[in-house]
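Engineer: This is data35.pdb, which holds PDB, C-alpha atoms:
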```
ATOM      1  CA  MET B 197      -4.174   0.547 -22.161
ATOM      2  CA  ARG B 198      -3.677   0.326 -18.408
ATOM      3  CA  LEU B 199      -6.355  -0.682 -15.895
ATOM      4  CA  VAL B 200      -6.137  -0.093 -12.150
ATOM      5  CA  VAL B 201      -8.846  -1.723 -10.039
ATOM      6  CA  ILE B 202      -9.342   0.066  -6.728
ATOM      7  CA  SER B 203     -10.997  -2.110  -4.111
ATOM      8  CA  GLY B 204     -11.128  -2.657  -0.371
ATOM      9  CA  ARG B 205     -13.444  -2.425   2.573
ATOM     10  CA  SER B 206     -15.782   0.507   3.046
ATOM     11  CA  GLY B 207     -14.135   3.337   4.945
ATOM     12  CA  SER B 208     -10.616   2.393   3.866
ATOM     13  CA  GLY B 209     -10.218   5.281   1.396
ATOM     14  CA  LYS B 210     -11.305   3.907  -1.985
ATOM     15  CA  THR B 211     -13.168   7.080  -2.975
ATOM     16  CA  THR B 212     -10.131   9.197  -2.109
ATOM     17  CA  ALA B 213      -7.924   6.931  -4.223
ATOM     18  CA  LEU B 214     -10.232   7.200  -7.222
ATOM     19  CA  HIS B 215     -10.371  10.982  -6.899
ATOM     20  CA  VAL B 216      -6.568  11.177  -6.919
ATOM     21  CA  LEU B 217      -6.358   9.103 -10.086
ATOM     22  CA  GLU B 218      -9.162  11.070 -11.747
ATOM     23  CA  ASP B 219      -7.354  14.325 -10.966
ATOM     24  CA  ILE B 220      -4.239  13.151 -12.804
ATOM     25  CA  GLY B 221      -6.061  11.978 -15.916
ATOM     26  CA  PHE B 222      -7.375   8.465 -15.317
ATOM     27  CA  TYR B 223     -10.827   7.630 -16.707
ATOM     28  CA  CYS B 224     -12.631   6.597 -13.504
ATOM     29  CA  VAL B 225     -15.788   4.587 -12.840
ATOM     30  CA  ASP B 226     -16.948   3.686  -9.335
ATOM     31  CA  ASN B 227     -19.036   0.680  -8.272
ATOM     32  CA  LEU B 228     -18.884  -1.179 -11.573
ATOM     33  CA  PRO B 229     -20.330  -4.726 -11.696
ATOM     34  CA  VAL B 230     -17.486  -7.160 -12.320
ATOM     35  CA  THR B 231     -19.346  -8.796 -15.209
ATOM     36  CA  LEU B 232     -19.358  -5.485 -17.100
ATOM     37  CA  LEU B 233     -15.636  -4.806 -16.698
ATOM     38  CA  ARG B 234     -14.424  -6.551 -19.843
ATOM     39  CA  ASP B 235     -17.121  -4.966 -22.009
ATOM     40  CA  LEU B 236     -16.267  -1.523 -20.681
ATOM     41  CA  MET B 237     -12.552  -1.961 -21.359
ATOM     42  CA  ARG B 238     -13.237  -3.169 -24.900
ATOM     43  CA  GLU B 239     -15.451  -0.147 -25.507
ATOM     44  CA  LEU B 240     -12.823   2.268 -24.177
ATOM     45  CA  ALA B 241     -10.037   0.576 -26.139
ATOM     46  CA  THR B 242     -11.852   1.169 -29.425
ATOM     47  CA  ARG B 243     -12.754   4.783 -28.679
ATOM     48  CA  ALA B 244     -10.983   7.132 -31.051
ATOM     49  CA  GLU B 245     -11.679  10.484 -29.401
ATOM     50  CA  PRO B 246     -10.885  11.224 -26.708
ATOM     51  CA  LYS B 247      -8.316   8.423 -26.629
ATOM     52  CA  ILE B 248      -8.113   6.762 -23.218
ATOM     53  CA  GLY B 249      -4.881   5.231 -21.992
ATOM     54  CA  GLU B 250      -5.419   4.816 -18.243
ATOM     55  CA  VAL B 251      -8.564   3.589 -16.507
ATOM     56  CA  ALA B 252      -9.366   3.229 -12.792
ATOM     57  CA  ILE B 253     -12.378   1.179 -11.719
ATOM     58  CA  GLY B 254     -13.851   0.977  -8.230
ATOM     59  CA  ILE B 255     -15.085  -2.513  -7.339
ATOM     60  CA  ASP B 256     -16.352  -3.255  -3.861
ATOM     61  CA  ALA B 257     -18.793  -5.310  -1.795
ATOM     62  CA  ARG B 258     -21.790  -3.767  -3.504
ATOM     63  CA  ASN B 259     -21.083  -6.484  -6.090
ATOM     64  CA  SER B 260     -22.468  -9.896  -5.229
ATOM     65  CA  VAL B 261     -20.128 -12.556  -3.847
ATOM     66  CA  GLN B 262     -20.536 -14.504  -7.084
ATOM     67  CA  GLN B 263     -19.393 -11.517  -9.148
ATOM     68  CA  LEU B 264     -16.425 -10.793  -6.886
ATOM     69  CA  GLU B 265     -15.248 -14.387  -7.253
ATOM     70  CA  LYS B 266     -15.150 -13.891 -11.030
ATOM     71  CA  LEU B 267     -12.712 -10.950 -10.883
ATOM     72  CA  PRO B 268      -9.438 -12.971 -11.166
ATOM     73  CA  ASN B 269     -10.728 -14.703 -14.306
ATOM     74  CA  VAL B 270     -11.874 -11.401 -15.816
ATOM     75  CA  LEU B 271      -8.422  -9.905 -15.207
ATOM     76  CA  ARG B 272      -6.782 -12.866 -16.931
ATOM     77  CA  GLU B 273      -9.081 -12.349 -19.908
ATOM     78  CA  LEU B 274      -8.130  -8.669 -20.036
ATOM     79  CA  THR B 275      -4.446  -9.604 -20.005
ATOM     80  CA  ALA B 276      -5.110 -11.880 -22.992
ATOM     81  CA  ASP B 277      -6.759  -8.879 -24.669
ATOM     82  CA  GLY B 278      -3.518  -6.931 -24.254
ATOM     83  CA  ILE B 279      -4.707  -4.745 -21.359
ATOM     84  CA  GLU B 280      -2.298  -4.296 -18.470
ATOM     85  CA  SER B 281      -4.284  -4.661 -15.254
ATOM     86  CA  GLN B 282      -3.580  -4.560 -11.539
ATOM     87  CA  VAL B 283      -5.599  -4.531  -8.321
ATOM     88  CA  ILE B 284      -4.900  -2.045  -5.517
ATOM     89  CA  TYR B 285      -6.586  -3.160  -2.290
ATOM     90  CA  LEU B 286      -7.135  -0.704   0.560
ATOM     91  CA  ASP B 287      -7.897  -1.882   4.069
ATOM     92  CA  ALA B 288      -7.727  -0.803   7.702
ATOM     93  CA  ALA B 289      -8.038  -2.385  11.115
ATOM     94  CA  ASP B 290     -11.578  -3.287  12.164
ATOM     95  CA  ASN B 291     -11.577  -0.836  15.064
ATOM     96  CA  THR B 292     -10.366   1.935  12.751
ATOM     97  CA  LEU B 293     -13.218   1.287  10.325
ATOM     98  CA  VAL B 294     -15.742   1.236  13.176
ATOM     99  CA  LYS B 295     -14.411   4.565  14.404
ATOM    100  CA  ARG B 296     -14.554   6.135  10.928
ATOM    101  CA  PHE B 297     -18.168   5.110  10.385
ATOM    102  CA  SER B 298     -19.124   6.232  13.881
ATOM    103  CA  GLU B 299     -17.528   9.646  13.367
ATOM    104  CA  THR B 300     -19.105  10.267   9.951
ATOM    105  CA  ARG B 301     -22.443   8.648  10.880
ATOM    106  CA  ARG B 302     -22.552   7.036   7.457
ATOM    107  CA  ARG B 303     -24.436   3.796   6.951
ATOM    108  CA  HIS B 304     -22.297   0.811   6.044
ATOM    109  CA  PRO B 305     -23.321  -0.427   2.556
ATOM    110  CA  ILE B 306     -24.013  -4.003   3.679
ATOM    111  CA  SER B 307     -25.391  -3.294   7.144
ATOM    112  CA  ASN B 308     -29.037  -3.905   7.920
ATOM    113  CA  ASP B 309     -31.423  -4.249  10.845
ATOM    114  CA  SER B 310     -30.197  -7.752  11.640
ATOM    115  CA  ASN B 311     -26.461  -7.071  12.045
ATOM    116  CA  THR B 312     -24.218  -4.608  13.846
ATOM    117  CA  LEU B 313     -21.681  -2.304  12.220
ATOM    118  CA  LYS B 314     -18.830  -4.515  13.415
ATOM    119  CA  GLU B 315     -20.516  -7.609  11.961
ATOM    120  CA  ALA B 316     -21.006  -5.839   8.623
ATOM    121  CA  ILE B 317     -17.312  -4.878   8.533
ATOM    122  CA  GLU B 318     -16.258  -8.466   9.240
ATOM    123  CA  ARG B 319     -18.696  -9.812   6.639
ATOM    124  CA  GLU B 320     -17.341  -7.401   4.046
ATOM    125  CA  ARG B 321     -13.811  -8.708   4.599
ATOM    126  CA  ASP B 322     -14.966 -12.254   3.821
ATOM    127  CA  MET B 323     -16.819 -11.089   0.700
ATOM    128  CA  LEU B 324     -13.740  -9.299  -0.647
ATOM    129  CA  ASN B 325     -11.235 -12.101  -0.014
ATOM    130  CA  PRO B 326     -11.076 -13.063  -3.730
ATOM    131  CA  VAL B 327     -10.264  -9.456  -4.636
ATOM    132  CA  ALA B 328      -7.624  -9.116  -1.920
ATOM    133  CA  ALA B 329      -6.006 -12.351  -3.124
ATOM    134  CA  ALA B 330      -5.697 -10.864  -6.627
ATOM    135  CA  ALA B 331      -4.130  -7.601  -5.408
ATOM    136  CA  SER B 332      -0.634  -6.594  -6.466
ATOM    137  CA  LEU B 333      -0.551  -3.920  -3.764
ATOM    138  CA  ILE B 334      -2.302  -3.802  -0.384
ATOM    139  CA  ILE B 335      -2.270  -0.486   1.475
ATOM    140  CA  ASP B 336      -3.145  -0.396   5.158
ATOM    141  CA  THR B 337      -4.706   3.024   5.746
ATOM    142  CA  SER B 338      -5.218   2.609   9.514
ATOM    143  CA  ASN B 339      -2.509   5.134  10.375
ATOM    144  CA  LEU B 340      -2.653   7.303   7.240
ATOM    145  CA  THR B 341      -4.110  10.782   7.157
ATOM    146  CA  LEU B 342      -6.145  11.803   4.122
ATOM    147  CA  HIS B 343      -3.172  13.706   2.712
ATOM    148  CA  GLU B 344      -0.803  10.786   3.314
ATOM    149  CA  LEU B 345      -3.171   8.416   1.514
ATOM    150  CA  ARG B 346      -3.356  10.791  -1.457
ATOM    151  CA  ASP B 347       0.438  10.922  -1.597
ATOM    152  CA  GLN B 348       0.687   7.123  -1.352
ATOM    153  CA  ILE B 349      -1.722   6.625  -4.248
ATOM    154  CA  LYS B 350      -0.056   9.220  -6.438
ATOM    155  CA  LEU B 351       3.488   8.030  -5.787
ATOM    156  CA  ARG B 352       2.903   4.282  -5.663
ATOM    157  CA  VAL B 353       0.191   3.889  -8.296
ATOM    158  CA  ALA B 354       0.210   6.864 -10.621
ATOM    159  CA  ASP B 355       4.010   7.155 -10.779
ATOM    160  CA  SER B 356       4.798   3.433 -10.909
ATOM    161  CA  GLN B 357       4.956   2.988 -14.684
ATOM    162  CA  ASP B 358       8.756   3.314 -14.752
ATOM    163  CA  GLY B 359       9.606   0.047 -13.054
ATOM    164  CA  MET B 360       8.900  -1.276  -9.584
ATOM    165  CA  ALA B 361       7.782   1.171  -6.884
ATOM    166  CA  LEU B 362       9.789   0.589  -3.701
ATOM    167  CA  LEU B 363       8.721   1.739  -0.222
ATOM    168  CA  PHE B 364      10.949   1.547   2.852
ATOM    169  CA  GLN B 365       8.867   1.771   6.022
ATOM    170  CA  SER B 366      10.033   1.998   9.622
ATOM    171  CA  PHE B 367       7.791   0.698  12.400
ATOM    172  CA  GLY B 368       7.735  -0.301  16.058
ATOM    173  CA  PHE B 369       7.100  -3.924  16.951
ATOM    174  CA  LYS B 370       5.162  -2.771  20.018
ATOM    175  CA  ASN B 371       2.510  -1.408  17.628
ATOM    176  CA  GLY B 372       2.431  -4.486  15.380
ATOM    177  CA  VAL B 373       4.032  -5.458  12.084
ATOM    178  CA  PRO B 374       2.643  -3.536   9.066
ATOM    179  CA  SER B 375       0.097  -5.729   7.304
ATOM    180  CA  ASP B 376       1.147  -4.473   3.868
ATOM    181  CA  ALA B 377       4.863  -5.346   4.237
ATOM    182  CA  ASP B 378       6.437  -7.695   1.693
ATOM    183  CA  LEU B 379       9.772  -8.039   3.511
ATOM    184  CA  VAL B 380      10.275  -7.445   7.254
ATOM    185  CA  PHE B 381      13.654  -6.941   8.953
ATOM    186  CA  ASP B 382      14.157  -6.771  12.716
ATOM    187  CA  VAL B 383      16.892  -4.360  13.912
ATOM    188  CA  ARG B 384      16.170  -4.601  17.647
ATOM    189  CA  CYS B 385      19.589  -6.242  18.149
ATOM    190  CA  LEU B 386      21.319  -2.899  17.472
ATOM    191  CA  PRO B 387      22.384  -0.432  20.227
ATOM    192  CA  ASN B 388      19.314   1.472  21.404
ATOM    193  CA  PRO B 389      19.459   5.291  21.728
ATOM    194  CA  HIS B 390      16.376   5.076  23.954
ATOM    195  CA  TRP B 391      18.653   4.286  26.915
ATOM    196  CA  ILE B 392      20.609   7.526  26.461
ATOM    197  CA  SER B 393      18.580  10.146  28.316
ATOM    198  CA  GLN B 394      19.516  13.056  26.042
ATOM    199  CA  LEU B 395      18.566  11.028  22.942
ATOM    200  CA  ARG B 396      15.354   9.464  24.196
ATOM    201  CA  HIS B 397      13.036  12.237  22.973
ATOM    202  CA  LEU B 398      14.774  12.470  19.568
ATOM    203  CA  THR B 399      14.250  10.307  16.457
ATOM    204  CA  GLY B 400      16.415   8.617  13.871
ATOM    205  CA  LEU B 401      16.124  11.788  11.783
ATOM    206  CA  ASP B 402      17.966  13.877  14.396
ATOM    207  CA  GLN B 403      21.712  14.443  14.263
ATOM    208  CA  GLY B 404      22.351  13.269  17.825
ATOM    209  CA  VAL B 405      20.789   9.859  17.168
ATOM    210  CA  ILE B 406      22.497   9.612  13.779
ATOM    211  CA  GLU B 407      25.914  10.232  15.336
ATOM    212  CA  PHE B 408      25.215   7.730  18.116
ATOM    213  CA  LEU B 409      24.273   4.981  15.655
ATOM    214  CA  GLN B 410      27.128   5.803  13.290
ATOM    215  CA  SER B 411      29.558   5.328  16.169
ATOM    216  CA  HIS B 412      28.658   1.639  16.451
ATOM    217  CA  PRO B 413      30.204  -0.662  13.782
ATOM    218  CA  THR B 414      27.382  -3.177  14.148
ATOM    219  CA  VAL B 415      24.905  -0.595  12.824
ATOM    220  CA  GLU B 416      26.926  -0.014   9.664
ATOM    221  CA  GLU B 417      27.332  -3.781   9.307
ATOM    222  CA  MET B 418      23.543  -4.188   9.463
ATOM    223  CA  VAL B 419      23.020  -1.486   6.824
ATOM    224  CA  GLN B 420      25.549  -3.057   4.471
ATOM    225  CA  HIS B 421      24.171  -6.583   4.887
ATOM    226  CA  LEU B 422      20.589  -5.447   4.282
ATOM    227  CA  ALA B 423      21.670  -3.426   1.245
ATOM    228  CA  GLN B 424      23.538  -6.412  -0.196
ATOM    229  CA  PHE B 425      20.576  -8.718   0.329
ATOM    230  CA  LEU B 426      18.161  -6.265  -1.292
ATOM    231  CA  GLU B 427      20.541  -5.514  -4.167
ATOM    232  CA  THR B 428      20.503  -9.234  -4.949
ATOM    233  CA  TRP B 429      16.793  -9.920  -4.611
ATOM    234  CA  LEU B 430      14.868  -6.739  -5.463
ATOM    235  CA  PRO B 431      15.855  -6.897  -9.164
ATOM    236  CA  ARG B 432      14.602 -10.482  -9.246
ATOM    237  CA  PHE B 433      11.244  -9.418  -7.834
ATOM    238  CA  ALA B 434      11.144  -6.658 -10.464
ATOM    239  CA  ALA B 435      12.024  -9.148 -13.216
ATOM    240  CA  ASN B 436       9.084 -11.272 -12.039
ATOM    241  CA  ASN B 437       6.710  -8.395 -12.890
ATOM    242  CA  ARG B 438       6.322  -7.131  -9.336
ATOM    243  CA  SER B 439       5.047  -3.561  -9.505
ATOM    244  CA  TYR B 440       5.360  -2.770  -5.787
ATOM    245  CA  MET B 441       7.538  -3.814  -2.866
ATOM    246  CA  THR B 442       7.279  -2.650   0.733
ATOM    247  CA  VAL B 443      10.353  -3.285   2.882
ATOM    248  CA  ALA B 444       9.570  -2.822   6.580
ATOM    249  CA  ILE B 445      12.331  -2.144   9.118
ATOM    250  CA  GLY B 446      11.298  -2.645  12.731
ATOM    251  CA  CYS B 447      12.724  -1.748  16.127
ATOM    252  CA  THR B 448      10.988  -1.645  19.501
ATOM    253  CA  GLY B 449       9.187   1.701  19.244
ATOM    254  CA  GLY B 450       9.756   2.726  15.633
ATOM    255  CA  GLN B 451      11.480   5.944  16.692
ATOM    256  CA  HIS B 452      15.275   5.571  16.518
ATOM    257  CA  ARG B 453      17.000   2.547  14.953
ATOM    258  CA  SER B 454      14.389   1.582  12.374
ATOM    259  CA  VAL B 455      14.028   5.206  11.254
ATOM    260  CA  TYR B 456      17.784   5.590  10.774
ATOM    261  CA  ILE B 457      18.137   2.297   8.864
ATOM    262  CA  THR B 458      15.112   3.140   6.700
ATOM    263  CA  GLU B 459      16.613   6.502   5.742
ATOM    264  CA  ARG B 460      19.955   4.896   4.879
ATOM    265  CA  LEU B 461      18.339   2.264   2.652
ATOM    266  CA  ASN B 462      16.096   4.854   1.019
ATOM    267  CA  ARG B 463      19.120   6.939   0.012
ATOM    268  CA  HIS B 464      21.060   3.881  -1.095
ATOM    269  CA  PHE B 465      18.361   2.619  -3.465
ATOM    270  CA  SER B 466      17.163   5.984  -4.791
ATOM    271  CA  ASP B 467      19.859   5.754  -7.471
ATOM    272  CA  ARG B 468      18.877   2.201  -8.388
ATOM    273  CA  PHE B 469      15.087   2.470  -8.765
ATOM    274  CA  ASN B 470      13.004   5.261 -10.263
ATOM    275  CA  ASN B 471      10.312   5.277  -7.574
ATOM    276  CA  VAL B 472      11.703   4.934  -4.042
ATOM    277  CA  GLN B 473      10.058   6.367  -0.945
ATOM    278  CA  ALA B 474      10.488   6.277   2.814
ATOM    279  CA  ARG B 475       7.716   6.352   5.409
ATOM    280  CA  HIS B 476       7.968   6.287   9.184
ATOM    281  CA  ARG B 477       4.768   4.755  10.451
ATOM    282  CA  ASP B 478       5.147   5.391  14.161
ATOM    283  CA  LEU B 479       6.735   8.832  14.282
TER     284      LEU B 479
END
```
The structure given in the file should be rewritten as structure tokens.
Structural biologist:
Amino acid sequence: MRLVVISGRSGSGKTTALHVLEDIGFYCVDNLPVTLLRDLMRELATRAEPKIGEVAIGIDARNSVQQLEKLPNVLRELTADGIESQVIYLDAADNTLVKRFSETRRRHPISNDSNTLKEAIERERDMLNPVAAAASLIIDTSNLTLHELRDQIKLRVADSQDGMALLFQSFGFKNGVPSDADLVFDVRCLPNPHWISQLRHLTGLDQGVIEFLQSHPTVEEMVQHLAQFLETWLPRFAANNRSYMTVAIGCTGGQHRSVYITERLNRHFSDRFNNVQARHRDL
């Protein structure tokens, strides 16, 4: 039996994630007290009909701090029971969460008359620290649309049974390093198409930029060196029971060089891993 715990701060997309997993056949329960998790899994494991193989549980700050602190121990107990378990933690920037609550006019679950929305969001982060520390995958939803989040959950969680799920992500340093990156590579030393006027408005997906970058040997050298490094170390992460890896490739704006390198690495490793995806955060 497989257990996926979906957690994270309110407004980060937990309900959407659970709905995606429910739609593809997971048995889903939202807002379960941590202390009841092991009993529920034992009950489901012994159920004959209908037989349940995959379970998704939503656990959030509506649990007490004391219960949330017990989650890592409960997961270890489930592993001893023979249940494969993992925690997927969703989060977003504070200002993004404030904006989402303001737009929907929903009440934050731990807000009250004595604190502001921003204070409640910050307090929730502290409460969920033990859960975030236990997560095998953290997804930053700040820049994801609803449809992109659904695709991320389906591809990275639902389709990750066949080995490690690998995500190559381009980004621009001017907009910050992705908080969910496991490995970060800086390609700002490469020739920049931004300084060619006819290429400035294009991206690393366009033929003009591709031809420009292919004409510089240092770009190919960077691709080959990154591929060699990842060929050596990604299998070792996978052998250490890592279910997810996010490799972030950054240039100045996240438009040209990082996009091109990300696409090259995505194609290179698609034949080596069963679940490989590319995402361009700042396009």
Engineer: If you count only C-alpha atoms, which residues fall within 12 Å of B:Ile392, apart from same-chain ones fewer than 4 positions away, as a list in words?
Structural biologist: Pro387, Asn388, Arg396, His397, Leu398, Gly404, Val405, Phe408, Leu409 and His452 of chain B
Engineer: Ranking B:Leu324, B:Ile284, B:Met237, B:Leu217 by minimum distance to B:Gln262 and counting all atoms listed in the file, which one comes first?
Structural biologist: B:Leu324
Engineer: Can you give me, as JSON, numbers by chain, the residues this file yields under the PyMOL selection byres ((chain B and resi 216) around 12)?
Structural biologist: {"B": [202, 209, 210, 211, 212, 213, 214, 215, 217, 218, 219, 220, 221, 222, 223, 224, 252, 342, 343, 344, 345, 346, 347, 348, 349, 350, 351, 352, 353, 354, 355]}
Engineer: Compare B:Arg460, B:Pro389, B:Arg384, B:Asn308 by their minimum atom-to-atom distance to B:Gln420, counting all atoms listed in the file, and give me the closest one.
Structural biologist: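 Counting all atoms listed in the file, the residue closest to B:Gln420 is B:Arg460.
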Engineer: Could you expand the PyMOL selection byres ((chain B and resi 386) around 12) into the explicit residues it covers here, written as a PDB file with C-alpha atoms, in the coordinates of the input?
Structural biologist:
```
ATOM      1  CA  ASP B 382      14.157  -6.771  12.716  1.00  0.00           C
ATOM      2  CA  VAL B 383      16.892  -4.360  13.912  1.00  0.00           C
ATOM      3  CA  ARG B 384      16.170  -4.601  17.647  1.00  0.00           C
ATOM      4  CA  CYS B 385      19.589  -6.242  18.149  1.00  0.00           C
ATOM      5  CA  PRO B 387      22.384  -0.432  20.227  1.00  0.00           C
ATOM      6  CA  ASN B 388      19.314   1.472  21.404  1.00  0.00           C
ATOM      7  CA  PRO B 389      19.459   5.291  21.728  1.00  0.00           C
ATOM      8  CA  HIS B 390      16.376   5.076  23.954  1.00  0.00           C
ATOM      9  CA  PHE B 408      25.215   7.730  18.116  1.00  0.00           C
ATOM     10  CA  LEU B 409      24.273   4.981  15.655  1.00  0.00           C
ATOM     11  CA  GLN B 410      27.128   5.803  13.290  1.00  0.00           C
ATOM     12  CA  SER B 411      29.558   5.328  16.169  1.00  0.00           C
ATOM     13  CA  HIS B 412      28.658   1.639  16.451  1.00  0.00           C
ATOM     14  CA  PRO B 413      30.204  -0.662  13.782  1.00  0.00           C
ATOM     15  CA  THR B 414      27.382  -3.177  14.148  1.00  0.00           C
ATOM     16  CA  VAL B 415      24.905  -0.595  12.824  1.00  0.00           C
ATOM     17  CA  GLU B 416      26.926  -0.014   9.664  1.00  0.00           C
ATOM     18  CA  GLU B 417      27.332  -3.781   9.307  1.00  0.00           C
ATOM     19  CA  MET B 418      23.543  -4.188   9.463  1.00  0.00           C
ATOM     20  CA  VAL B 419      23.020  -1.486   6.824  1.00  0.00           C
ATOM     21  CA  GLY B 446      11.298  -2.645  12.731  1.00  0.00           C
ATOM     22  CA  CYS B 447      12.724  -1.748  16.127  1.00  0.00           C
ATOM     23  CA  THR B 448      10.988  -1.645  19.501  1.00  0.00           C
ATOM     24  CA  HIS B 452      15.275   5.571  16.518  1.00  0.00           C
ATOM     25  CA  ARG B 453      17.000   2.547  14.953  1.00  0.00           C
ATOM     26  CA  SER B 454      14.389   1.582  12.374  1.00  0.00           C
ATOM     27  CA  TYR B 456      17.784   5.590  10.774  1.00  0.00           C
ATOM     28  CA  ILE B 457      18.137   2.297   8.864  1.00  0.00           C
TER      29      ILE B 457
END
```
Engineer: I want to know what sits within 6 Å of stretch 363-375 of chain B, based on only C-alpha atoms, with residues of the same chain fewer than 6 positions away left out; could you give that as a PyMOL selection string?
Structural biologist: chain B and resi 442-450+454-455+458+472-478
Engineer: Given the PyMOL selection byres ((chain B and resi 263) around 12) and the file above, list the residues it selects as a PyMOL selection string.
Structural biologist: chain B and resi 228-233+255-262+264-270+323-324+326-327
Engineer: Which one of B:Thr242, B:Ser206, B:Ser332, B:Asn227 sits closest to B:Pro305 if you count only C-alpha atoms?
Structural biologist: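 Smallest separation from B:Pro305 among the options: B:Ser206.
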Engineer: Using only C-alpha atoms, find the one residue out of B:Leu379, B:Ser466, B:Lys314, B:Val294 that sits nearest to B:Phe425.
Structural biologist: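 The shortest atom-to-atom distance to B:Phe425 comes from B:Leu379.
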Engineer: Which distance in Å separates atom CA of B:Asp376 and atom CA of B:Gly207, to one decimal?
Structural biologist: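 Separation between atom CA of B:Asp376 and atom CA of B:Gly207: 17.2 Å.
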Engineer: My list of candidates is B:Glu427, B:Asp322, B:Glu250, B:Glu245. Which is closest to B:Gln282 when distances are computed with only C-alpha atoms?
Structural biologist: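 Among the listed residues, the smallest separation from B:Gln282 belongs to B:Glu250.
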